[in-house]
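> Take a look at this one; I'll ask things after.
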Amino acid sequence: MARFNKIYMGPFTEATPQVRELLAAAALKPGRIAVITSGKFALAAATTVGKIWLIQDNYLAQKGVDDDWAADSTAIGMEMMADQLYAARIANGVNITAIGTPLTPGATGTLAIASTSDLVVAYSEEVYNNNTGSEQLLRVRAAGSQSYLSAA
């Protein structure tokens with residue numbers, strides 16, 4: 001069961017992020033990151049370079065964050081905006097030890113801890129050791145954000 005129940009987390013006082021609707025190249029789980037390939041959303045990989053999109057929950061069909069968008073269905077991808085909070089997926093075994101940890105695209109659309117040569121797409125907004133046995137949602141801010149909610 002997911003630790004969060006929404007992908008876009010706010011703040012609610014600002015305009016929500018811009019979205020794009022495209023067909024899903026494969027089943028897409030909300031909170032995973034994707035790229036646009038051949039006019040469809042495809043899961044980002046560790047070798048991804050360039051613009052990424054965060055797959056939104058299918059609120060239009062009253063689905064939760066653990067309900068996949070089916071392959072070849074129309075999915076919603078959010079353009080992550082600086083200073084907005086999101087819940088993005090990290091793989092099992094990822095240990096986030098500090099707020100502000102740089103994150104990079106990992107395998108199958110999840111985020112991983114970035115090394116010095118990786119593309120940084122987001123920063124963690126919480127400390128979380130994912131030893132649950134499955135991928136989990138982590139509160140993040142898009143790269144380029146200058147403010148943090150708190151210091152670790």
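Identifiers in the structure tokens: chain A, B, ... in order shown; residue index from 1 per chain; ligand index from 1 in order shown.
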Using backbone DSSP assignments, extract all helix (DSSP H, G or I) residues from chain A; output them as a PyMOL selection string.

chain A and resi 59-61+107-109

> Within 12 Å of region 109-132 of chain A, which residues of region 12-70 of chain A show up? Give each one with its shortest atom-to-atom distance in Å (one decimal) and the two atoms involved, counting only C-alpha atoms, rows by chain then rising residue number, as CSV.


```
residue,atom,partner,partner_atom,distance
A:Ala26,CA,A:Gly109,CA,11.4
A:Ala27,CA,A:Gly109,CA,11.2
A:Leu28,CA,A:Gly109,CA,8.8
A:Lys29,CA,A:Gly109,CA,8.9
A:Pro30,CA,A:Gly109,CA,10.0
A:Gly31,CA,A:Thr110,CA,8.0
A:Arg32,CA,A:Gly109,CA,4.8
A:Ile33,CA,A:Gly109,CA,4.7
A:Ala34,CA,A:Gly109,CA,6.1
A:Val35,CA,A:Gly109,CA,9.1
A:Phe41,CA,A:Gly109,CA,10.9
A:Ala42,CA,A:Gly109,CA,8.5
A:Leu43,CA,A:Gly109,CA,4.8
A:Ala44,CA,A:Gly109,CA,4.6
A:Ala45,CA,A:Gly109,CA,5.9
A:Ala46,CA,A:Gly109,CA,8.3
A:Thr47,CA,A:Asp118,CA,9.0
A:Thr48,CA,A:Leu119,CA,8.0
A:Val49,CA,A:Leu119,CA,6.8
A:Gly50,CA,A:Leu119,CA,8.4
A:Lys51,CA,A:Val121,CA,8.8
A:Ile52,CA,A:Val121,CA,7.9
A:Trp53,CA,A:Gly109,CA,9.9
A:Leu54,CA,A:Gly109,CA,9.1
A:Ile55,CA,A:Gly109,CA,9.5
```

> Using backbone DSSP assignments, extract all strand (DSSP E) residues from region 6-68 of chain A; output them as a list in words.

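Strand (DSSP E) assignments inside region 6-68 of chain A correspond to Tyr8, Met9, Gly10, Val19, Arg20, Glu21, Leu22, Leu23, Ala24, Ile33, Ala34, Val35, Ile36, Thr37, Lys40, Phe41, Ala42, Leu43, Trp53, Leu54 and Ile55 of chain A.
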
> Need the shell around Val19 (chain A): protein/DNA/RNA residues with any atom at most 7 Å away, counting only C-alpha atoms. Skip same-chain ones fewer than 5 positions apart. Format as an MDAnalysis selection string?

chainID A and resid 76:79

> Residues near Ser134 (chain A), anyone? I mean within 12 Å using only C-alpha atoms, not counting same-chain ones fewer than 2 positions away, as number ranges by chain.

A: 1-3, 66, 89-94, 110, 129-132, 136-137

> Go ahead and write the residues just picked, C-alpha atoms, as a PDB file, in the first residue's frame.


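Resulting contents of again36.pdb:
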```pdb
ATOM      1  CA  MET A   1       0.000   0.000   0.000  1.00  0.00           C
ATOM      2  CA  ALA A   2       1.297   3.454  -0.885  1.00  0.00           C
ATOM      3  CA  ARG A   3       2.481   5.902   1.767  1.00  0.00           C
ATOM      4  CA  ASP A  66      -1.265   2.303  -7.084  1.00  0.00           C
ATOM      5  CA  ARG A  89       8.589   6.553  -6.815  1.00  0.00           C
ATOM      6  CA  ILE A  90      11.873   5.181  -5.489  1.00  0.00           C
ATOM      7  CA  ALA A  91      12.877   1.549  -5.790  1.00  0.00           C
ATOM      8  CA  ASN A  92      13.146  -0.896  -2.920  1.00  0.00           C
ATOM      9  CA  GLY A  93      16.542  -0.634  -1.227  1.00  0.00           C
ATOM     10  CA  VAL A  94      16.991   3.116  -1.812  1.00  0.00           C
ATOM     11  CA  THR A 110      11.818   5.214 -10.516  1.00  0.00           C
ATOM     12  CA  ASN A 129      14.798   4.206   4.012  1.00  0.00           C
ATOM     13  CA  ASN A 130      12.818   2.094   1.565  1.00  0.00           C
ATOM     14  CA  ASN A 131      13.278  -1.397   2.931  1.00  0.00           C
ATOM     15  CA  THR A 132       9.608  -2.285   2.406  1.00  0.00           C
ATOM     16  CA  GLN A 136       7.405   3.615  -2.560  1.00  0.00           C
ATOM     17  CA  LEU A 137       6.382   7.230  -3.056  1.00  0.00           C
TER      18      LEU A 137
END
```

> Name all residues at most 7 Å from Lys40 (chain A) (count only C-alpha atoms; drop same-chain ones fewer than 2 positions away) and give them as number ranges by chain.

A: 22-25, 36-38, 42

> Next, the residues of the selection above should be written as a compact mmCIF listing (two decimals), in the first residue's frame with N, CA and C atoms.


```txt
# COMPACT_ATOMS: atom_id res chain seq x y z
N LEU A 22 -1.05 11.91 -23.29
CA LEU A 22 -0.53 11.11 -24.39
C LEU A 22 -0.86 9.65 -24.13
N LEU A 23 -0.79 8.84 -25.16
CA LEU A 23 -0.96 7.41 -24.99
C LEU A 23 0.22 6.85 -24.21
N ALA A 24 -0.04 5.83 -23.43
CA ALA A 24 1.00 5.15 -22.67
C ALA A 24 1.62 4.06 -23.54
N ALA A 25 2.94 4.07 -23.67
CA ALA A 25 3.63 3.04 -24.45
C ALA A 25 3.61 1.69 -23.74
N ILE A 36 8.88 11.26 -23.48
CA ILE A 36 8.04 11.13 -24.66
C ILE A 36 8.87 10.49 -25.77
N THR A 37 8.41 9.34 -26.23
CA THR A 37 9.08 8.61 -27.29
C THR A 37 8.04 8.20 -28.32
N SER A 38 8.27 8.56 -29.57
CA SER A 38 7.34 8.24 -30.66
C SER A 38 5.92 8.71 -30.35
N ALA A 42 6.74 6.89 -22.29
CA ALA A 42 7.48 5.65 -22.02
C ALA A 42 8.25 5.86 -20.73
```

> For Met81 (chain A), which residue out of A:Val140, A:Asp68, A:Thr97, A:Phe4 is the nearest one, using only C-alpha atoms?

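Ranking A:Val140, A:Asp68, A:Thr97, A:Phe4 by distance to Met81 (chain A), first place goes to A:Val140.
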
> Between A:Ala143, A:Leu85, A:Ile96, A:Leu103, which residue has the minimum interatomic distance to Pro11 (chain A), considering only C-alpha atoms?

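Among the listed residues, A:Leu85 lies closest to Pro11 (chain A).
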
> So, counting only C-alpha atoms, which residue among A:Pro105, A:Gly144, A:Arg20, A:Asn5 is closest to Gln84 (chain A)?

A:Gly144

> One decimal, in Å: what's the spacing between CA of Gln18 (chain A) and CA of Ala98 (chain A)?

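Interatomic distance here is 28.6 Å.
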